[in-house]
file model_4.cif (mmCIF, C-alpha atoms)
data_target
#
loop_
_atom_site.label_atom_id
_atom_site.label_comp_id
_atom_site.auth_asym_id
_atom_site.auth_seq_id
_atom_site.Cartn_x
_atom_site.Cartn_y
_atom_site.Cartn_z
CA MET A 148 22.67 52.93 -45.78
CA THR A 149 22.57 50.25 -48.49
CA VAL A 150 23.66 46.67 -47.63
CA SER A 151 25.37 44.78 -50.43
CA PRO A 152 23.80 41.49 -51.55
CA ARG A 153 27.00 39.64 -50.57
CA LEU A 154 26.92 41.05 -47.01
CA ALA A 155 23.23 40.21 -46.67
CA LEU A 156 23.90 36.59 -47.63
CA VAL A 157 26.71 36.34 -45.05
CA CYS A 158 24.45 37.70 -42.31
CA LEU A 159 21.67 35.28 -43.21
CA ALA A 160 24.07 32.33 -43.12
CA ALA A 161 25.42 33.35 -39.72
CA ALA A 162 21.90 33.72 -38.30
CA ALA A 163 20.92 30.26 -39.60
CA THR A 164 24.04 28.70 -38.06
CA LEU A 165 23.34 30.36 -34.69
CA ALA A 166 19.73 29.15 -34.73
CA ALA A 167 20.83 25.59 -35.53
CA CYS A 168 23.33 25.64 -32.66
CA ASN A 169 20.70 26.91 -30.26
CA ARG A 170 18.26 24.26 -31.47
CA ASP A 171 20.81 21.48 -30.97
CA ARG A 172 21.65 22.79 -27.49
CA ASP A 173 17.96 22.87 -26.56
CA GLN A 174 17.62 19.22 -27.58
CA THR A 175 20.67 17.96 -25.69
CA GLN A 176 20.72 20.14 -22.56
CA PRO A 177 17.76 20.29 -20.17
CA ALA A 178 16.60 23.71 -19.22
CA ALA A 179 17.80 24.91 -15.82
CA PRO A 180 15.05 24.78 -13.17
CA ALA A 181 13.59 28.03 -11.99
CA PRO A 182 14.98 29.33 -8.68
CA GLY A 183 13.35 27.44 -5.79
CA ALA A 184 11.86 24.74 -8.04
CA PRO A 185 12.55 21.07 -7.17
CA ALA A 186 15.18 19.26 -9.23
CA ALA A 187 14.01 16.82 -11.87
CA VAL A 188 13.69 13.20 -10.69
CA THR A 189 15.06 10.50 -12.95
CA PRO A 190 13.27 7.14 -13.32
CA ALA A 191 16.06 5.43 -11.35
CA GLU A 192 15.70 7.90 -8.49
CA ALA A 193 11.92 7.49 -8.52
CA ALA A 194 12.10 3.71 -7.98
CA ALA A 195 10.41 2.73 -4.73
CA PRO A 196 12.62 1.30 -1.96
CA MET A 197 12.25 -2.27 -0.72
CA ALA A 198 11.82 -1.42 2.97
CA PHE A 199 10.85 1.29 5.42
CA GLU A 200 11.53 1.57 9.14
CA SER A 201 10.83 4.16 11.81
CA LYS A 202 11.33 4.19 15.58
CA THR A 203 10.03 6.77 18.03
CA PRO A 204 9.39 6.65 21.80
CA PHE A 205 5.74 5.99 20.90
CA ALA A 206 5.88 3.44 18.08
CA GLU A 207 8.21 1.18 16.12
CA VAL A 208 7.09 0.36 12.58
CA SER A 209 8.49 -1.42 9.55
CA LEU A 210 7.60 -2.43 6.00
CA THR A 211 9.34 -5.09 3.91
CA LEU A 212 8.70 -5.94 0.27
CA PRO A 213 9.86 -9.00 -1.70
CA VAL A 214 12.47 -8.87 -4.47
CA ALA A 215 9.88 -10.34 -6.85
CA ILE A 216 7.93 -7.08 -6.83
CA LYS A 217 10.69 -5.34 -8.79
CA SER A 218 9.24 -6.93 -11.92
CA GLN A 219 6.05 -4.88 -11.46
CA PRO A 220 7.23 -1.28 -10.88
CA ASP A 221 3.74 0.25 -10.92
CA LEU A 222 2.55 -2.11 -8.19
CA HIS A 223 5.83 -1.69 -6.32
CA ALA A 224 5.50 2.09 -6.10
CA ARG A 225 1.85 1.84 -5.13
CA LEU A 226 2.37 -0.68 -2.32
CA TYR A 227 5.38 1.14 -0.92
CA ALA A 228 3.53 4.47 -0.81
CA ALA A 229 0.43 2.92 0.76
CA GLY A 230 2.48 1.00 3.33
CA VAL A 231 4.52 4.03 4.41
CA ARG A 232 1.38 6.15 4.66
CA ASP A 233 -0.29 3.49 6.81
CA LEU A 234 2.71 3.22 9.15
CA ARG A 235 3.09 6.98 9.53
CA GLN A 236 -0.58 7.30 10.44
CA PHE A 237 -0.11 4.52 12.99
CA THR A 238 2.88 6.36 14.51
CA GLU A 239 0.94 9.62 14.70
CA GLY A 240 -2.00 7.83 16.31
CA ALA A 241 0.31 6.12 18.80
CA GLN A 242 1.82 9.45 19.82
CA ALA A 243 -1.61 11.00 20.33
CA ASP A 244 -2.87 7.97 22.23
CA ARG A 245 0.14 7.70 24.50
CA THR A 246 0.28 11.45 25.14
CA GLU A 247 -3.39 11.54 26.15
CA ALA A 248 -2.76 8.61 28.48
CA GLY A 249 0.04 10.48 30.22
CA GLY A 250 2.83 8.89 28.26
CA ASP A 251 2.34 5.36 29.60
CA ALA A 252 5.63 5.58 31.46
CA GLY A 253 7.49 2.29 31.48
CA GLN A 254 5.37 0.74 28.72
CA PRO A 255 7.04 -0.39 25.50
CA PRO A 256 6.29 1.47 22.26
CA TYR A 257 3.41 0.33 20.11
CA ASP A 258 4.52 -1.88 17.24
CA LYS A 259 3.32 -2.47 13.69
CA THR A 260 4.94 -4.47 10.91
CA ILE A 261 3.79 -4.96 7.33
CA GLU A 262 5.41 -7.82 5.48
CA VAL A 263 4.62 -8.51 1.83
CA THR A 264 5.58 -11.94 0.52
CA PRO A 265 5.08 -13.50 -2.92
CA GLY A 266 2.36 -15.91 -3.92
CA ALA A 267 2.50 -17.72 -7.25
CA GLU A 268 2.84 -15.95 -10.62
CA THR A 269 1.50 -16.94 -14.02
CA GLY A 270 1.74 -15.42 -17.49
CA LYS A 271 -1.03 -12.92 -16.76
CA LEU A 272 -1.25 -12.78 -12.97
CA PHE A 273 1.02 -11.82 -10.08
CA SER A 274 -0.02 -12.40 -6.47
CA LEU A 275 1.21 -11.23 -3.07
CA ILE A 276 0.39 -11.87 0.58
CA ARG A 277 0.24 -8.84 2.89
CA THR A 278 0.66 -9.76 6.57
CA VAL A 279 0.12 -7.10 9.23
CA SER A 280 1.08 -7.56 12.87
CA GLU A 281 0.02 -4.84 15.28
CA TYR A 282 0.58 -4.48 19.02
CA THR A 283 -0.97 -1.71 21.11
CA GLY A 284 -0.95 -3.46 24.47
CA GLY A 285 -2.60 -6.58 25.77
CA ALA A 286 -1.69 -10.24 25.88
CA HIS A 287 -0.53 -10.58 22.29
CA PRO A 288 -0.30 -8.74 18.97
CA ASN A 289 -3.12 -8.84 16.44
CA ALA A 290 -2.45 -10.33 13.03
CA SER A 291 -4.36 -9.91 9.79
CA PHE A 292 -3.96 -10.93 6.16
CA SER A 293 -4.86 -9.45 2.83
CA ALA A 294 -4.06 -10.54 -0.71
CA ILE A 295 -3.08 -8.70 -3.87
CA LEU A 296 -3.91 -10.03 -7.34
CA TRP A 297 -2.30 -8.03 -10.13
CA ASP A 298 -3.13 -8.29 -13.82
CA LYS A 299 0.26 -7.74 -15.46
CA ALA A 300 -1.09 -6.83 -18.89
CA LEU A 301 -3.69 -4.37 -17.59
CA LYS A 302 -1.29 -3.09 -14.91
CA ARG A 303 -4.00 -2.96 -12.30
CA GLU A 304 -5.16 -4.81 -9.23
CA ILE A 305 -8.16 -7.08 -9.62
CA ALA A 306 -10.57 -8.30 -6.94
CA GLY A 307 -10.71 -11.97 -6.06
CA PRO A 308 -14.21 -12.44 -7.54
CA ASP A 309 -12.89 -11.15 -10.90
CA LEU A 310 -11.25 -14.55 -11.41
CA PHE A 311 -14.68 -16.15 -11.68
CA THR A 312 -17.47 -15.83 -14.19
CA LYS A 313 -19.79 -13.03 -13.11
CA GLY A 314 -22.74 -14.33 -11.10
CA SER A 315 -21.14 -17.73 -10.46
CA ASP A 316 -22.49 -19.87 -7.63
CA LEU A 317 -19.42 -20.33 -5.41
CA SER A 318 -21.01 -22.92 -3.12
CA ALA A 319 -18.73 -25.66 -4.52
CA LEU A 320 -15.69 -23.52 -3.73
CA ASP A 321 -17.08 -22.81 -0.23
CA ALA A 322 -17.41 -26.56 0.36
CA ALA A 323 -13.88 -27.25 -0.92
CA LEU A 324 -12.46 -24.50 1.30
CA CYS A 325 -14.31 -25.87 4.34
CA ALA A 326 -12.96 -29.38 3.65
CA ALA A 327 -9.41 -27.99 3.36
CA VAL A 328 -9.75 -26.12 6.68
CA ASN A 329 -10.99 -29.24 8.47
CA ALA A 330 -8.18 -31.33 6.98
CA GLU A 331 -5.62 -28.85 8.30
CA LYS A 332 -7.30 -28.73 11.71
CA LYS A 333 -7.13 -32.55 11.95
CA LYS A 334 -3.50 -32.49 10.87
CA ARG A 335 -2.67 -30.14 13.73
CA ASP A 336 -4.88 -31.94 16.25
CA PRO A 337 -6.49 -35.29 15.41
CA ALA A 338 -9.10 -34.62 18.10
CA ALA A 339 -10.09 -31.23 16.62
CA GLN A 340 -13.80 -30.67 16.20
CA THR A 341 -15.07 -30.62 12.62
CA ILE A 342 -16.62 -27.29 11.67
CA SER A 343 -19.07 -26.35 8.93
CA LEU A 344 -20.43 -23.23 7.27
CA THR A 345 -23.16 -23.05 9.91
CA SER A 346 -21.62 -24.67 13.01
CA ALA A 347 -22.26 -23.02 16.37
CA ASP A 348 -18.90 -22.10 17.94
CA TRP A 349 -16.62 -21.73 14.93
CA ASN A 350 -17.57 -22.00 11.30
CA CYS A 351 -15.92 -22.20 7.91
CA PRO A 352 -15.32 -18.95 6.05
CA ARG A 353 -16.95 -18.18 2.73
CA ALA A 354 -14.52 -18.16 -0.17
CA ALA A 355 -15.72 -14.79 -1.50
CA ALA A 356 -15.04 -13.15 1.87
CA THR A 357 -11.60 -14.72 2.42
CA PRO A 358 -8.38 -13.32 0.89
CA PHE A 359 -6.45 -15.69 -1.36
CA VAL A 360 -3.39 -15.82 -3.59
CA LEU A 361 -2.41 -18.09 -6.45
CA ALA A 362 -0.97 -21.44 -5.38
CA PRO A 363 2.11 -22.69 -7.25
CA GLY A 364 1.32 -25.57 -9.61
CA VAL A 365 3.25 -28.53 -10.96
CA ALA A 366 2.55 -27.27 -14.52
CA PRO A 367 5.18 -24.63 -15.44
CA GLY A 368 3.82 -21.09 -15.47
CA LYS A 369 0.40 -22.15 -14.18
CA ALA A 370 -1.36 -21.89 -10.83
CA GLY A 371 -2.37 -25.20 -9.33
CA GLY A 372 -5.07 -23.69 -7.14
CA LEU A 373 -5.81 -20.93 -4.65
CA THR A 374 -4.26 -20.52 -1.20
CA PHE A 375 -6.69 -18.95 1.27
CA LEU A 376 -5.36 -16.80 4.14
CA ILE A 377 -7.25 -17.24 7.41
CA GLY A 378 -6.27 -15.23 10.47
CA PRO A 379 -6.45 -16.19 14.15
CA TYR A 380 -9.92 -16.46 15.72
CA MET A 381 -11.60 -17.07 12.34
CA VAL A 382 -11.92 -20.85 12.48
CA GLY A 383 -10.77 -21.57 16.02
CA PRO A 384 -9.26 -20.07 19.18
CA TYR A 385 -6.19 -17.84 19.05
CA SER A 386 -4.01 -20.72 20.24
CA GLU A 387 -4.56 -22.46 16.88
CA GLY A 388 -2.90 -19.59 15.09
CA SER A 389 -3.48 -18.69 11.45
CA TYR A 390 -4.19 -20.98 8.52
CA GLU A 391 -3.03 -21.04 4.90
CA VAL A 392 -5.00 -23.74 3.08
CA THR A 393 -4.92 -24.56 -0.61
CA VAL A 394 -7.88 -25.58 -2.75
CA PRO A 395 -6.87 -27.40 -6.00
CA GLN A 396 -7.93 -25.73 -9.24
CA ALA A 397 -9.89 -28.84 -10.21
CA ALA A 398 -12.42 -27.95 -7.48
CA PHE A 399 -13.35 -24.61 -9.08
CA ARG A 400 -12.15 -24.81 -12.69
CA THR A 401 -15.67 -24.60 -14.15
CA LEU A 402 -16.21 -21.33 -12.27
CA LEU A 403 -13.23 -19.47 -13.77
CA ALA A 404 -13.76 -16.48 -16.05
CA PRO A 405 -12.60 -17.13 -19.65
CA ALA A 406 -9.96 -14.40 -19.36
CA TYR A 407 -8.17 -16.28 -16.57
CA ALA A 408 -9.06 -19.95 -17.08
CA ASP A 409 -5.80 -20.65 -18.94
CA GLU A 410 -3.75 -19.42 -15.97
CA PHE A 411 -4.65 -22.59 -14.03
CA ALA A 412 -3.59 -26.18 -14.75
CA GLY A 413 -2.43 -29.31 -12.97
CA ALA A 414 -2.21 -29.96 -9.26
CA PRO A 415 -0.82 -27.61 -6.60
CA LYS A 416 2.80 -28.12 -5.66
CA PRO A 417 3.20 -29.91 -2.31
CA PRO A 418 4.25 -27.52 0.48
CA ALA A 419 7.97 -27.33 1.16
CA ALA A 420 9.16 -29.50 4.02
#
call {"tool": "encode", "arguments": {"input": "model_4.cif", "output": "structure tokens"}}
result
Amino acid sequence: MTVSPRLALVCLAAAATLAACNRDRDQTQPAAPAPGAPAAVTPAEAAAPMAFESKTPFAEVSLTLPVAIKSQPDLHARLYAAGVRDLRQFTEGAQADRTEAGGDAGQPPYDKTIEVTPGAETGKLFSLIRTVSEYTGGAHPNASFSAILWDKALKREIAGPDLFTKGSDLSALDAALCAAVNAEKKKRDPAAQTISLTSADWNCPRAAATPFVLAPGVAPGKAGGLTFLIGPYMVGPYSEGSYEVTVPQAAFRTLLAPAYADEFAGAPKPPAA
């Protein structure tokens, strides 16, 4: 059978229109997921929560994050996932421990809290304090600190030593940290014994081995120093508690790496009353 030229042109036009419609529909309507496949997750749905809590007969755990972390979504998601994983492992360990011990009838559940609070922030850097309190029996819970330094442009965590020129001699910073610890000890107890880097009973921590965050400065957008986080038992008996001591940036400015030197200026802000 012979198809007239006019009919052929009509058919071609209809086919082109149908293809265009299908193409437009493909661009505006997502394809349906295959049976049994998980639904697509939108960016809003993927945002990490600000807190996590779980209670079982064996353990009670919680995680809290600061509002400030919303400005760094990559770090937010990472810290939330790591915190929840840590707490779930703690709960599983508590269940195994208590079950092996016969349930520890009458004993309270184990307890672990992770609280993340903000340090100072500059144009390039964002800092956070991570405080962990853990109780598994005994006279008192155990507390520990860690710090997070985040390079906002690189979108990655950096280690404390990365702030300083590679191979720097940090002895001046060690001395400044030791002086700050002793000043705080005297403030709490004028009769407190002075400690040193090599004293017998208690000694000053080394700066490179002590977590720290940026200290707020009087210069807008700049850090005025570093605040070191020192847990119980590190520089004195448990009764003294923990220490947060600040070393002014003037004490270590010559040690700073060129990439981060401009993030520091002026004096630290006085602590809030």
call {"tool": "atom_distance", "arguments": {"input": "model_4.cif", "atom1": "atom CA of Ala412 of chain A", "atom2": "atom CA of Pro220 of chain A"}}
result
27.4 Å
call {"tool": "resolve_selection", "arguments": {"input": "model_4.cif", "expression": "the PyMOL selection byres ((chain A and resi 327) around 12)", "output": "JSON, numbers by chain"}}
result
{"A": [320, 321, 322, 323, 324, 325, 326, 328, 329, 330, 331, 332, 333, 334, 341, 342, 343, 351, 352, 354, 373, 374, 375, 376, 377, 382, 390, 391, 392, 393, 394, 395, 398]}
call {"tool": "resolve_selection", "arguments": {"input": "model_4.cif", "expression": "the PyMOL selection byres ((chain A and resi 289-303) around 7)", "output": "ChimeraX atom specification"}}
result
/A:271-282,287-288,304-306,358-360,376,378
call {"tool": "residues_around", "arguments": {"input": "model_4.cif", "residues": "segment 231-247 of chain A", "least_positions_apart": "2", "cutoff": "9 Å", "atoms": "all atoms listed in the file", "output": "list in words"}}
result
Phe199, Glu200, Ser201, Lys202, Thr203, Pro204, Phe205, Ala206, Glu207, Val208, Ser209, Leu210, Leu226, Tyr227, Ala228, Ala229, Gly249, Gly250, Asp251, Pro256, Tyr257, Asp258, Lys259, Thr260, Ile261 and Thr283 of chain A
call {"tool": "write_last_selection", "arguments": {"input": "model_4.cif", "atoms": "C-alpha atoms", "output": "mmCIF file, in the frame of the given file"}}
result
data_model
loop_
_atom_site.group_PDB
_atom_site.id
_atom_site.type_symbol
_atom_site.label_atom_id
_atom_site.label_comp_id
_atom_site.auth_asym_id
_atom_site.auth_seq_id
_atom_site.Cartn_x
_atom_site.Cartn_y
_atom_site.Cartn_z
ATOM 1 C CA PHE A 199 10.850 1.290 5.420
ATOM 2 C CA GLU A 200 11.530 1.570 9.140
ATOM 3 C CA SER A 201 10.830 4.160 11.810
ATOM 4 C CA LYS A 202 11.330 4.190 15.580
ATOM 5 C CA THR A 203 10.030 6.770 18.030
ATOM 6 C CA PRO A 204 9.390 6.650 21.800
ATOM 7 C CA PHE A 205 5.740 5.990 20.900
ATOM 8 C CA ALA A 206 5.880 3.440 18.080
ATOM 9 C CA GLU A 207 8.210 1.180 16.120
ATOM 10 C CA VAL A 208 7.090 0.360 12.580
ATOM 11 C CA SER A 209 8.490 -1.420 9.550
ATOM 12 C CA LEU A 210 7.600 -2.430 6.000
ATOM 13 C CA LEU A 226 2.370 -0.680 -2.320
ATOM 14 C CA TYR A 227 5.380 1.140 -0.920
ATOM 15 C CA ALA A 228 3.530 4.470 -0.810
ATOM 16 C CA ALA A 229 0.430 2.920 0.760
ATOM 17 C CA GLY A 249 0.040 10.480 30.220
ATOM 18 C CA GLY A 250 2.830 8.890 28.260
ATOM 19 C CA ASP A 251 2.340 5.360 29.600
ATOM 20 C CA PRO A 256 6.290 1.470 22.260
ATOM 21 C CA TYR A 257 3.410 0.330 20.110
ATOM 22 C CA ASP A 258 4.520 -1.880 17.240
ATOM 23 C CA LYS A 259 3.320 -2.470 13.690
ATOM 24 C CA THR A 260 4.940 -4.470 10.910
ATOM 25 C CA ILE A 261 3.790 -4.960 7.330
ATOM 26 C CA THR A 283 -0.970 -1.710 21.110
#
call {"tool": "closest_residue", "arguments": {"input": "model_4.cif", "among": "A:Thr211, A:Ser218, A:Gln396, A:Thr345", "to": "Leu310 of chain A", "atoms": "all atoms listed in the file"}}
result
A:Gln396
call {"tool": "closest_residue", "arguments": {"input": "model_4.cif", "among": "A:Lys416, A:Asp348, A:Thr264, A:Ala356", "to": "Gly383 of chain A", "atoms": "only C-alpha atoms"}}
result
A:Asp348
call {"tool": "closest_residue", "arguments": {"input": "model_4.cif", "among": "A:Pro379, A:Pro196, A:Gly285, A:Pro255", "to": "Arg225 of chain A", "atoms": "all atoms listed in the file"}}
result
A:Pro196
call {"tool": "atom_distance", "arguments": {"input": "model_4.cif", "atom1": "atom CA of Ala347 of chain A", "atom2": "atom CA of Gly307 of chain A"}}
result
27.5 Å
call {"tool": "residues_near_point", "arguments": {"input": "model_4.cif", "point": "(2.4, -17.6, -6.2)", "cutoff": "6 Å", "atoms": "all atoms listed in the file", "output": "number ranges by chain"}}
result
A: 265-268, 274, 361-363
call {"tool": "atom_distance", "arguments": {"input": "model_4.cif", "atom1": "atom CA of Lys217 of chain A", "atom2": "atom CA of Val263 of chain A"}}
result
12.6 Å
call {"tool": "residues_near_point", "arguments": {"input": "model_4.cif", "point": "(-17.7, -22.0, -11.0)", "cutoff": "7 Å", "atoms": "all atoms listed in the file", "output": "list in words"}}
result
Phe311, Thr312, Ser315, Asp316, Leu317, Phe399, Arg400, Thr401, Leu402 and Leu403 of chain A
